[in-house]
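S.K.: Shown below is the structure under consideration.
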Amino acid sequence: MTDVLSEVVRMLTDVVGDDFLLDVEVGPDTSFGDDLALESIEFVALVDRLRAHYGDRADFPAFIAGLDLDQLINLTVGDVVDHITAAERAHA
């Protein structure tokens, strides 16, 4: 899980830039909305990078589609990491 977290944080940094994340310590409880104020286009860019790295086995469109509005608004880095980790275990 730590490796996946590091990879997600690295991709997030690529999307929003080092300068943006200087004042924020990104961890599993970091929310994309409240903590990072990620715009939808940035989230889409992050998902594109995640799909390129993890492939279809993580099926991010289905993951996002399965969330209700509150879950989507409160989505955290840890939620994404947990999804990737579970998908990798299922395909191992």
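Labels used: A, B, ... for chains in the order of the structure tokens, numbers from 1 for residues in each chain, and numbers from 1 for ligands as shown.
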Out of chain A, which residues get helix (DSSP H, G or I) from DSSP, as number ranges by chain?

M.R.: A: 2-16, 40-58, 60-65, 69-73, 77-90

S.K.: Could you list, with a cut-off of 10 Å and counting only C-alpha atoms, the residues of range 8-36 of chain A near range 49-63 of chain A, each shown with its nearest atom pair and the distance in Å rounded to one decimal, rows sorted by chain and ascending number, as JSON lines?

M.R.:
{"residue": "A:Val8", "atom": "CA", "partner": "A:Leu50", "partner_atom": "CA", "distance": 7.5}
{"residue": "A:Met11", "atom": "CA", "partner": "A:Arg49", "partner_atom": "CA", "distance": 6.8}
{"residue": "A:Leu12", "atom": "CA", "partner": "A:Arg49", "partner_atom": "CA", "distance": 8.9}
{"residue": "A:Asp14", "atom": "CA", "partner": "A:Arg49", "partner_atom": "CA", "distance": 9.3}
{"residue": "A:Val15", "atom": "CA", "partner": "A:Arg49", "partner_atom": "CA", "distance": 8.8}

S.K.: So, counting only C-alpha atoms, which residue among A:Leu72, A:Ala45, A:Val4, A:Leu67 is closest to Pro28 in chain A?

M.R.: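 Between A:Leu72, A:Ala45, A:Val4, A:Leu67, the residue approaching Pro28 in chain A most closely is A:Val4.
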
S.K.: Point out the residue among A:Ala65, A:Ala90, A:Ile84, A:Val9 with the least atom-to-atom distance to Leu36 in chain A, counting only C-alpha atoms.

M.R.: A:Val9

S.K.: Would you mind listing what lies within 12 Å of Asp82 in chain A as a tab-separated table (two decimals) with N, CA, C and O atoms, in the first residue's frame, with only C-alpha atoms counted and same-chain residues fewer than 3 positions away left out?

M.R.:
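Once everything was written out, this is out-v3.tsv:
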chain	number	residue	atom	x	y	z
A	1	MET	N	0.82	-1.20	0.00
A	1	MET	CA	0.00	0.00	0.00
A	1	MET	C	0.86	1.25	0.00
A	1	MET	O	0.52	2.23	-0.65
A	2	THR	N	1.99	1.23	0.70
A	2	THR	CA	2.87	2.40	0.75
A	2	THR	C	3.39	2.75	-0.63
A	2	THR	O	3.46	3.92	-0.99
A	3	ASP	N	3.75	1.72	-1.43
A	3	ASP	CA	4.23	1.97	-2.78
A	3	ASP	C	3.14	2.61	-3.64
A	3	ASP	O	3.42	3.53	-4.41
A	4	VAL	N	1.92	2.11	-3.51
A	4	VAL	CA	0.80	2.67	-4.27
A	4	VAL	C	0.55	4.11	-3.83
A	4	VAL	O	0.37	5.00	-4.66
A	5	LEU	N	0.58	4.36	-2.53
A	5	LEU	CA	0.40	5.72	-2.02
A	5	LEU	C	1.46	6.65	-2.59
A	5	LEU	O	1.16	7.74	-3.07
A	8	VAL	N	0.68	7.35	-6.24
A	8	VAL	CA	-0.46	8.27	-6.40
A	8	VAL	C	-0.03	9.70	-6.06
A	8	VAL	O	-0.37	10.64	-6.79
A	28	PRO	N	-3.12	9.43	3.21
A	28	PRO	CA	-4.36	8.70	2.91
A	28	PRO	C	-5.64	9.48	3.23
A	28	PRO	O	-6.65	9.30	2.56
A	29	ASP	N	-5.60	10.34	4.23
A	29	ASP	CA	-6.81	11.08	4.62
A	29	ASP	C	-7.00	12.39	3.87
A	29	ASP	O	-7.98	13.10	4.10
A	58	ALA	N	-7.59	-1.59	-12.82
A	58	ALA	CA	-8.09	-0.74	-11.73
A	58	ALA	C	-9.46	-0.13	-12.07
A	58	ALA	O	-10.15	0.34	-11.18
A	63	PHE	N	-15.14	2.61	-10.87
A	63	PHE	CA	-14.95	3.01	-9.48
A	63	PHE	C	-15.65	4.35	-9.21
A	63	PHE	O	-16.43	4.47	-8.26
A	75	LEU	N	-14.00	12.16	-1.57
A	75	LEU	CA	-13.02	11.17	-1.98
A	75	LEU	C	-11.62	11.56	-1.49
A	75	LEU	O	-11.22	12.72	-1.60
A	76	THR	N	-10.93	10.58	-0.94
A	76	THR	CA	-9.58	10.84	-0.41
A	76	THR	C	-8.53	10.08	-1.22
A	76	THR	O	-8.85	9.16	-1.97
A	77	VAL	N	-7.30	10.48	-1.01
A	77	VAL	CA	-6.17	9.78	-1.62
A	77	VAL	C	-6.20	8.31	-1.18
A	77	VAL	O	-5.99	7.41	-1.98
A	78	GLY	N	-6.51	8.08	0.09
A	78	GLY	CA	-6.59	6.72	0.61
A	78	GLY	C	-7.65	5.88	-0.07
A	78	GLY	O	-7.46	4.68	-0.29
A	79	ASP	N	-8.78	6.50	-0.43
A	79	ASP	CA	-9.84	5.77	-1.15
A	79	ASP	C	-9.32	5.26	-2.49
A	79	ASP	O	-9.57	4.11	-2.87
A	85	THR	N	-5.17	-1.00	-4.69
A	85	THR	CA	-4.64	-2.15	-3.96
A	85	THR	C	-5.59	-3.34	-4.09
A	85	THR	O	-5.15	-4.47	-4.34
A	86	ALA	N	-6.88	-3.11	-3.91
A	86	ALA	CA	-7.88	-4.18	-4.03
A	86	ALA	C	-7.92	-4.74	-5.45
A	86	ALA	O	-8.01	-5.96	-5.65
A	87	ALA	N	-7.82	-3.87	-6.44
A	87	ALA	CA	-7.85	-4.31	-7.84
A	87	ALA	C	-6.62	-5.14	-8.16
A	87	ALA	O	-6.71	-6.15	-8.86
A	88	GLU	N	-5.47	-4.76	-7.62
A	88	GLU	CA	-4.24	-5.52	-7.87
A	88	GLU	C	-4.31	-6.89	-7.20
A	88	GLU	O	-3.86	-7.87	-7.77
A	89	ARG	N	-4.88	-6.94	-6.01
A	89	ARG	CA	-5.04	-8.23	-5.32
A	89	ARG	C	-5.98	-9.15	-6.10
A	89	ARG	O	-5.76	-10.34	-6.20

S.K.: Any idea what the distance is between CA of Thr13 in chain A and CA of Glu25 in chain A?

M.R.: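 CA of Glu25 in chain A lies at a distance of 11.4 Å from CA of Thr13 in chain A.
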